[in-house]
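Undergrad: Have a look at the structure that comes next, please.
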Amino acid sequence: MRTLDTKKKVGKNLYDYQKEALYRIFKIFENAPENYHLLYQLPTGGGKTVIFSEITRQFLKHHQKKVLIMTHRIELCKQTARMLGEFGVDNKIIDSKASLDDQGDYDCFVAMVETLNNRLNDDILDISDVGLVIIDEAHYNSFTKLFKFFDKSFILGVTATPLSSNIKMPMKDNYDELIAGESIATLIDKEYLAKANIYSYNVGLTSLEVGANGDYTVKSSEDLYTNTNMLSKLLQAYEERAKGTKTLIFNNGINTSLYVYDTFKRAGHPIAHLDNTNTKKERDAILKWFHETPNAIITSVSILTTGFDEPSVQSIILNRATKSLTLYYQMIGRGSRIIPGKSTFNVIDLGNNFHRFGPWGADLDWQKMFRAPNFYLDNLLTDEDIENTFRYELPKGVREEFGNTKEEDLYFDVKKVYIDAIQSGESSKKVLERSIEHHAKMCIENSEDIFDALILAKKLGGDIDDRIHRYSKCICKSTHNFIDWLQDDYRKKLNSYMRNNFDEVYEQIHGHPPPEE
């Protein structure tokens with residue numbers, strides 16, 4: 001057995017809440033029966049790895065048993081191994097290349113879940129003396145298939161969100177008890193985490209489809225987030241709220257991330273794209289550049305949600321929608337690390353996630369969520385419910401060009417106009433006709449001639465698309481081709497209406513004909 005250098009200072013100075021967690025966990029451990037499964041929740045950035053590294057050190061010191069720590073990604077394996085080393089815990093990483101000839105020399109192992117599963121099924125790893133199993137990111141249900149191997153071990157799962165990645169396998173079915181740690185709000189108040197400044201941009205998401213895993217499919221997400229209007233909205237949001245800050249952009253799909261890369265590159269912003277097809281050398285080079293460049297941007301595909309720690313991140317952009325509370329918290333958590341000179345960070349939400357889950361750091365009842373996850377999930381607002389509360393707002397720069405239009409006259413209630421039309425026995429097409437008349441009036445009252453009005457109409461793209469989406473929901477027809485056709489047809493009819501009626505509408509507004517050229 002390898003021995004530790006007892007003269008060397010090991011470990012870190014734990015915060016009070018971390019010490020409290022240690023006390024509570026060990027108290028349960030000392031009184032628990034064999035094969036007891038305990039789940040510990042602590043927000044991202046709260047120091048879960050520090051806590052379970054100290055737990056490992058103390059366990060090995062006071063018990064004649066070994067410790068096994070499981071992770072689901074190689075980056076987490078390496079980070080965990082390094083942290084254990086800082087605590088003076090000699091450990092061996094079990095990955096696909098590891099030789100187990102020297103396994104008897106170690107008291108602590110760090111293993112990738114799939115590799116460990118293969119080694120255990122092949123019966124080439126001796127786990128007879130493992131008394132404590134620690135599972136990092138325990139909400140991933142891939143770990144549960146290994147529980148059968150550890151029916152004599154105390155299992156400690158740690159996670160920021162005690163909701164299973166598989167809604168059909170709730171965590172309460174695999175863990176006996178949950179300990180909830182300090183809340184995000186408390187950690188912010190005590191200056192252990194940075195505060196999030198959240199900017200939410202309303203997005204029409206009803207074209208998105210939900211897959212078998214309960215989250216939005218990559219295909220439907222790519223269709224939405226690669227269109228020109230969404231890319232423009234993303235760039236505008238960045239330039240309004242995060243320009244010049246170190247920024248992470250999260251997407252749901254490689255193609256989307258590549259489109260984002262091209263859009264930002266053309267706009268002159270320093271950006272790199274990262275996904276799971278990059279080699280280790282490429283990844284390391286990109287992350288080194290990101291670390292060293294103050295205004296660097298990385299656009300990625302969820303690859304940086306775990307196993308990535310860059311405290312200097314100042315802005316997080318959610319360029320995707322998700323139905324996973326865990327993913328929502330993981331993405332935002334990448335910006336929550338606090339360093340000297342950084343007490344806040346920006347979160348730009350382009351997926352209505354803020355409306356779906358509430359603000360990051362809201363007071364959530366983790367115990368209730370652990371005991372009754374379906375109750376929580378079933379009561380999340382649908383995209384339609386969320387969007388019904390939205391009012392489209394013209395971007396600031398566009399709004400300034402419609403200065404002659406009063407604020408209350410900018411809004412057109414598609415649903416109300418639709419209901420009024422149907423109740424009056426009119427065709428639903430009357431809704432679009434009245435919307436076109438409304439848009440034309442906005443353009444003409446802010447123009448000197450038809451050419452100005454046509455230019456202004458081009459700047460109403462976001463408002464036009466929003467109205468078309470609301471109209472398509474009213475008539476229950478929302479195929480991509482139909483909506484694309486409606487949007488194109490609307491623009492043509494708006495331009496035609498203004499050409500044919502400019503003088504008449506101008507005189508109605510101003511009380512006199514337009515000035516002669």
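Lettering and numbering for the structure tokens are positional, with chains as A, B, ... in the shown order, residues counted from 1 in each chain, and ligands counted from 1 in the shown order.
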Could you give me, as a ChimeraX atom specification, each residue of segment 151-280 of chain A that DSSP assigns to helix (DSSP H, G or I) when run on this structure's backbone?

TA: /A:171-173,184-189,218-225,228-241,254-266,280

Undergrad: From a backbone DSSP assignment, name each residue in segment 105-257 of chain A labelled strand (DSSP E), as a PyMOL selection string.

TA: chain A and resi 108-112+130-136+154-159+177-180+195-200+247-250

Undergrad: Might you pull out every residue within 7 Å of Asn404 of chain A, with only C-alpha atoms counted and same-chain residues fewer than 2 positions away left off, and present them as number ranges by chain?

TA: A: 402, 406, 445-446

Undergrad: Can you write out the residues you just picked, keeping C-alpha atoms, as a compact mmCIF listing (two decimals), in the first residue's frame?

TA:
# COMPACT_ATOMS: atom_id res chain seq x y z
CA PHE A 402 -40.44 54.71 -35.70
CA LYS A 406 -46.80 56.12 -30.06
CA GLU A 445 -46.17 57.93 -40.66
CA ASN A 446 -42.40 57.77 -40.21

Undergrad: From the options A:Ile286, A:Ile348, A:Ile450, A:Ile25, which residue's atoms come nearest to Asn319 of chain A, counting only C-alpha atoms?

TA: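 Ranked by minimum distance to Asn319 of chain A, first place goes to A:Ile348.
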
Undergrad: What are the closest atom pairs, with distances in Å to one decimal, for all residues of segment 124-215 of chain A lying within 10 Å of segment 95-118 of chain A? Consider only C-alpha atoms, order rows by chain and residue number, and present the result as JSON lines.

TA:
{"residue": "A:Ile124", "atom": "CA", "partner": "A:Leu100", "partner_atom": "CA", "distance": 7.8}
{"residue": "A:Leu125", "atom": "CA", "partner": "A:Leu100", "partner_atom": "CA", "distance": 7.2}
{"residue": "A:Asp126", "atom": "CA", "partner": "A:Gln103", "partner_atom": "CA", "distance": 8.0}
{"residue": "A:Asp129", "atom": "CA", "partner": "A:Asp107", "partner_atom": "CA", "distance": 9.2}
{"residue": "A:Val130", "atom": "CA", "partner": "A:Asp107", "partner_atom": "CA", "distance": 8.6}
{"residue": "A:Leu132", "atom": "CA", "partner": "A:Cys108", "partner_atom": "CA", "distance": 9.7}
{"residue": "A:Val133", "atom": "CA", "partner": "A:Phe109", "partner_atom": "CA", "distance": 9.7}
{"residue": "A:Ile134", "atom": "CA", "partner": "A:Val110", "partner_atom": "CA", "distance": 9.3}
{"residue": "A:Ile135", "atom": "CA", "partner": "A:Val113", "partner_atom": "CA", "distance": 9.4}
{"residue": "A:Ser142", "atom": "CA", "partner": "A:Val113", "partner_atom": "CA", "distance": 7.5}
{"residue": "A:Phe143", "atom": "CA", "partner": "A:Val113", "partner_atom": "CA", "distance": 6.4}
{"residue": "A:Thr144", "atom": "CA", "partner": "A:Val113", "partner_atom": "CA", "distance": 9.8}
{"residue": "A:Lys145", "atom": "CA", "partner": "A:Asn117", "partner_atom": "CA", "distance": 8.2}
{"residue": "A:Leu146", "atom": "CA", "partner": "A:Asn117", "partner_atom": "CA", "distance": 6.6}
{"residue": "A:Phe149", "atom": "CA", "partner": "A:Asn117", "partner_atom": "CA", "distance": 9.4}

Undergrad: Residues of the last selection are to be written out with N, CA and C atoms, as a PDB file, in the first residue's frame.

TA:
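That gives us part10.pdb:
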ATOM      1  N   ILE A 124     -12.088  -8.014 -13.902  1.00  0.00           N
ATOM      2  CA  ILE A 124     -10.639  -7.802 -13.807  1.00  0.00           C
ATOM      3  C   ILE A 124     -10.299  -6.645 -12.855  1.00  0.00           C
ATOM      4  N   LEU A 125     -11.288  -6.187 -12.102  1.00  0.00           N
ATOM      5  CA  LEU A 125     -11.039  -5.171 -11.084  1.00  0.00           C
ATOM      6  C   LEU A 125     -11.577  -5.679  -9.754  1.00  0.00           C
ATOM      7  N   ASP A 126     -10.720  -5.687  -8.751  1.00  0.00           N
ATOM      8  CA  ASP A 126     -11.114  -6.171  -7.429  1.00  0.00           C
ATOM      9  C   ASP A 126     -11.792  -5.044  -6.652  1.00  0.00           C
ATOM     10  N   ASP A 129     -13.082  -4.738  -1.541  1.00  0.00           N
ATOM     11  CA  ASP A 129     -12.723  -3.948  -0.358  1.00  0.00           C
ATOM     12  C   ASP A 129     -13.141  -2.486  -0.475  1.00  0.00           C
ATOM     13  N   VAL A 130     -14.033  -2.178  -1.427  1.00  0.00           N
ATOM     14  CA  VAL A 130     -14.498  -0.802  -1.601  1.00  0.00           C
ATOM     15  C   VAL A 130     -15.640  -0.530  -0.610  1.00  0.00           C
ATOM     16  N   LEU A 132     -16.681   2.841   0.094  1.00  0.00           N
ATOM     17  CA  LEU A 132     -17.358   4.091  -0.258  1.00  0.00           C
ATOM     18  C   LEU A 132     -17.275   4.300  -1.772  1.00  0.00           C
ATOM     19  N   VAL A 133     -18.422   4.536  -2.382  1.00  0.00           N
ATOM     20  CA  VAL A 133     -18.498   4.860  -3.804  1.00  0.00           C
ATOM     21  C   VAL A 133     -19.069   6.268  -3.934  1.00  0.00           C
ATOM     22  N   ILE A 134     -18.319   7.139  -4.611  1.00  0.00           N
ATOM     23  CA  ILE A 134     -18.768   8.521  -4.820  1.00  0.00           C
ATOM     24  C   ILE A 134     -19.064   8.701  -6.304  1.00  0.00           C
ATOM     25  N   ILE A 135     -20.233   9.272  -6.594  1.00  0.00           N
ATOM     26  CA  ILE A 135     -20.654   9.452  -7.980  1.00  0.00           C
ATOM     27  C   ILE A 135     -20.795  10.940  -8.267  1.00  0.00           C
ATOM     28  N   SER A 142     -26.753   6.905 -16.234  1.00  0.00           N
ATOM     29  CA  SER A 142     -25.860   5.845 -16.715  1.00  0.00           C
ATOM     30  C   SER A 142     -25.137   5.139 -15.572  1.00  0.00           C
ATOM     31  N   PHE A 143     -25.060   5.798 -14.406  1.00  0.00           N
ATOM     32  CA  PHE A 143     -24.349   5.197 -13.274  1.00  0.00           C
ATOM     33  C   PHE A 143     -25.129   4.057 -12.634  1.00  0.00           C
ATOM     34  N   THR A 144     -26.437   4.109 -12.736  1.00  0.00           N
ATOM     35  CA  THR A 144     -27.258   3.189 -11.931  1.00  0.00           C
ATOM     36  C   THR A 144     -27.051   1.721 -12.305  1.00  0.00           C
ATOM     37  N   LYS A 145     -26.602   1.441 -13.528  1.00  0.00           N
ATOM     38  CA  LYS A 145     -26.386   0.051 -13.920  1.00  0.00           C
ATOM     39  C   LYS A 145     -25.235  -0.599 -13.150  1.00  0.00           C
ATOM     40  N   LEU A 146     -24.406   0.240 -12.490  1.00  0.00           N
ATOM     41  CA  LEU A 146     -23.275  -0.293 -11.743  1.00  0.00           C
ATOM     42  C   LEU A 146     -23.588  -0.544 -10.266  1.00  0.00           C
ATOM     43  N   PHE A 149     -23.094  -3.925  -8.436  1.00  0.00           N
ATOM     44  CA  PHE A 149     -21.773  -4.414  -8.054  1.00  0.00           C
ATOM     45  C   PHE A 149     -21.371  -3.984  -6.634  1.00  0.00           C
TER      46      PHE A 149
END

Undergrad: As a list in words, please: the residues near Gly361 of chain A (cut-off 9 Å, only C-alpha atoms, same-chain neighbours under 3 positions excluded).

TA: Pro43, Ser183, Ile184, Ala185, Ile188, Lys195, Ala196, Tyr329, Gly358 and Leu364 of chain A

Undergrad: Include N, CA and C atoms and write out the residues we just selected as a PDB file, in the first residue's frame.

TA:
ATOM      1  N   PRO A  43     -24.955  23.698  -5.507  1.00  0.00           N
ATOM      2  CA  PRO A  43     -24.891  24.383  -6.798  1.00  0.00           C
ATOM      3  C   PRO A  43     -23.522  24.298  -7.465  1.00  0.00           C
ATOM      4  N   SER A 183     -28.020  27.236  -0.813  1.00  0.00           N
ATOM      5  CA  SER A 183     -28.697  27.689  -2.030  1.00  0.00           C
ATOM      6  C   SER A 183     -27.789  28.635  -2.813  1.00  0.00           C
ATOM      7  N   ILE A 184     -28.110  28.814  -4.077  1.00  0.00           N
ATOM      8  CA  ILE A 184     -27.367  29.758  -4.910  1.00  0.00           C
ATOM      9  C   ILE A 184     -27.454  31.159  -4.322  1.00  0.00           C
ATOM     10  N   ALA A 185     -28.655  31.544  -3.887  1.00  0.00           N
ATOM     11  CA  ALA A 185     -28.844  32.886  -3.321  1.00  0.00           C
ATOM     12  C   ALA A 185     -27.934  33.117  -2.112  1.00  0.00           C
ATOM     13  N   ILE A 188     -24.343  33.505  -3.208  1.00  0.00           N
ATOM     14  CA  ILE A 188     -24.127  34.837  -3.788  1.00  0.00           C
ATOM     15  C   ILE A 188     -24.014  35.874  -2.678  1.00  0.00           C
ATOM     16  N   LYS A 195     -23.227  37.001  -9.116  1.00  0.00           N
ATOM     17  CA  LYS A 195     -24.652  37.207  -9.357  1.00  0.00           C
ATOM     18  C   LYS A 195     -24.908  37.297 -10.854  1.00  0.00           C
ATOM     19  N   ALA A 196     -25.996  36.686 -11.307  1.00  0.00           N
ATOM     20  CA  ALA A 196     -26.324  36.680 -12.732  1.00  0.00           C
ATOM     21  C   ALA A 196     -27.235  37.855 -13.091  1.00  0.00           C
ATOM     22  N   TYR A 329     -29.157  24.926 -15.485  1.00  0.00           N
ATOM     23  CA  TYR A 329     -28.281  25.333 -14.383  1.00  0.00           C
ATOM     24  C   TYR A 329     -26.812  25.094 -14.716  1.00  0.00           C
ATOM     25  N   GLY A 358     -37.769  29.906 -14.416  1.00  0.00           N
ATOM     26  CA  GLY A 358     -37.566  30.969 -13.440  1.00  0.00           C
ATOM     27  C   GLY A 358     -36.106  31.390 -13.437  1.00  0.00           C
ATOM     28  N   LEU A 364     -35.695  27.002  -5.033  1.00  0.00           N
ATOM     29  CA  LEU A 364     -36.349  25.757  -5.443  1.00  0.00           C
ATOM     30  C   LEU A 364     -36.399  24.769  -4.278  1.00  0.00           C
TER      31      LEU A 364
END

Undergrad: Quick one: residues within 12 Å of Pro33 of chain A, only C-alpha atoms counted, chain neighbours fewer than 2 positions away excluded, as an MDAnalysis selection string?

TA: chainID A and resid 28:31 35:38 151:155 176

Undergrad: Output N, CA and C atoms for every residue in that selection, as an mmCIF file, in the first residue's frame.

TA:
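result_16.cif, freshly written:
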data_model
loop_
_atom_site.group_PDB
_atom_site.id
_atom_site.type_symbol
_atom_site.label_atom_id
_atom_site.label_comp_id
_atom_site.auth_asym_id
_atom_site.auth_seq_id
_atom_site.Cartn_x
_atom_site.Cartn_y
_atom_site.Cartn_z
ATOM 1 N N ILE A 28 -24.578 10.603 8.734
ATOM 2 C CA ILE A 28 -25.465 9.622 8.100
ATOM 3 C C ILE A 28 -24.698 8.341 7.804
ATOM 4 N N PHE A 29 -23.463 8.486 7.334
ATOM 5 C CA PHE A 29 -22.660 7.319 6.996
ATOM 6 C C PHE A 29 -22.430 6.422 8.217
ATOM 7 N N GLU A 30 -22.125 7.032 9.347
ATOM 8 C CA GLU A 30 -21.824 6.251 10.542
ATOM 9 C C GLU A 30 -23.032 5.473 11.042
ATOM 10 N N ASN A 31 -24.228 5.984 10.773
ATOM 11 C CA ASN A 31 -25.438 5.345 11.301
ATOM 12 C C ASN A 31 -26.234 4.581 10.246
ATOM 13 N N ASN A 35 -25.064 -0.629 2.084
ATOM 14 C CA ASN A 35 -25.712 -0.346 0.813
ATOM 15 C C ASN A 35 -26.678 0.833 0.896
ATOM 16 N N TYR A 36 -26.361 1.819 1.741
ATOM 17 C CA TYR A 36 -27.207 3.007 1.838
ATOM 18 C C TYR A 36 -26.796 3.986 0.750
ATOM 19 N N HIS A 37 -27.776 4.584 0.072
ATOM 20 C CA HIS A 37 -27.504 5.490 -1.035
ATOM 21 C C HIS A 37 -27.919 6.904 -0.632
ATOM 22 N N LEU A 38 -26.948 7.800 -0.523
ATOM 23 C CA LEU A 38 -27.187 9.180 -0.110
ATOM 24 C C LEU A 38 -26.886 10.114 -1.272
ATOM 25 N N ASP A 151 -23.244 -3.775 -3.528
ATOM 26 C CA ASP A 151 -24.340 -3.987 -2.576
ATOM 27 C C ASP A 151 -23.853 -3.998 -1.124
ATOM 28 N N LYS A 152 -22.544 -3.837 -0.908
ATOM 29 C CA LYS A 152 -22.009 -3.754 0.462
ATOM 30 C C LYS A 152 -21.348 -2.391 0.716
ATOM 31 N N SER A 153 -21.527 -1.467 -0.209
ATOM 32 C CA SER A 153 -20.836 -0.171 -0.124
ATOM 33 C C SER A 153 -21.823 0.969 0.144
ATOM 34 N N PHE A 154 -21.318 1.993 0.833
ATOM 35 C CA PHE A 154 -22.067 3.234 1.016
ATOM 36 C C PHE A 154 -21.897 4.049 -0.264
ATOM 37 N N ILE A 155 -23.012 4.458 -0.891
ATOM 38 C CA ILE A 155 -22.941 5.204 -2.139
ATOM 39 C C ILE A 155 -23.336 6.653 -1.887
ATOM 40 N N ASP A 176 -31.718 6.741 -1.263
ATOM 41 C CA ASP A 176 -32.597 6.662 -0.096
ATOM 42 C C ASP A 176 -32.918 8.026 0.496
#

Undergrad: Residues of segment 224-259 of chain A that approach segment 206-215 of chain A to 12 Å or less, counting only C-alpha atoms: could you list each one with the shortest pair of atoms and its distance in Å to one decimal, rows by chain and increasing residue number, as JSON lines?

TA:
{"residue": "A:Leu224", "atom": "CA", "partner": "A:Ser207", "partner_atom": "CA", "distance": 7.5}
{"residue": "A:Tyr225", "atom": "CA", "partner": "A:Leu208", "partner_atom": "CA", "distance": 10.2}
{"residue": "A:Asn252", "atom": "CA", "partner": "A:Asp215", "partner_atom": "CA", "distance": 10.5}
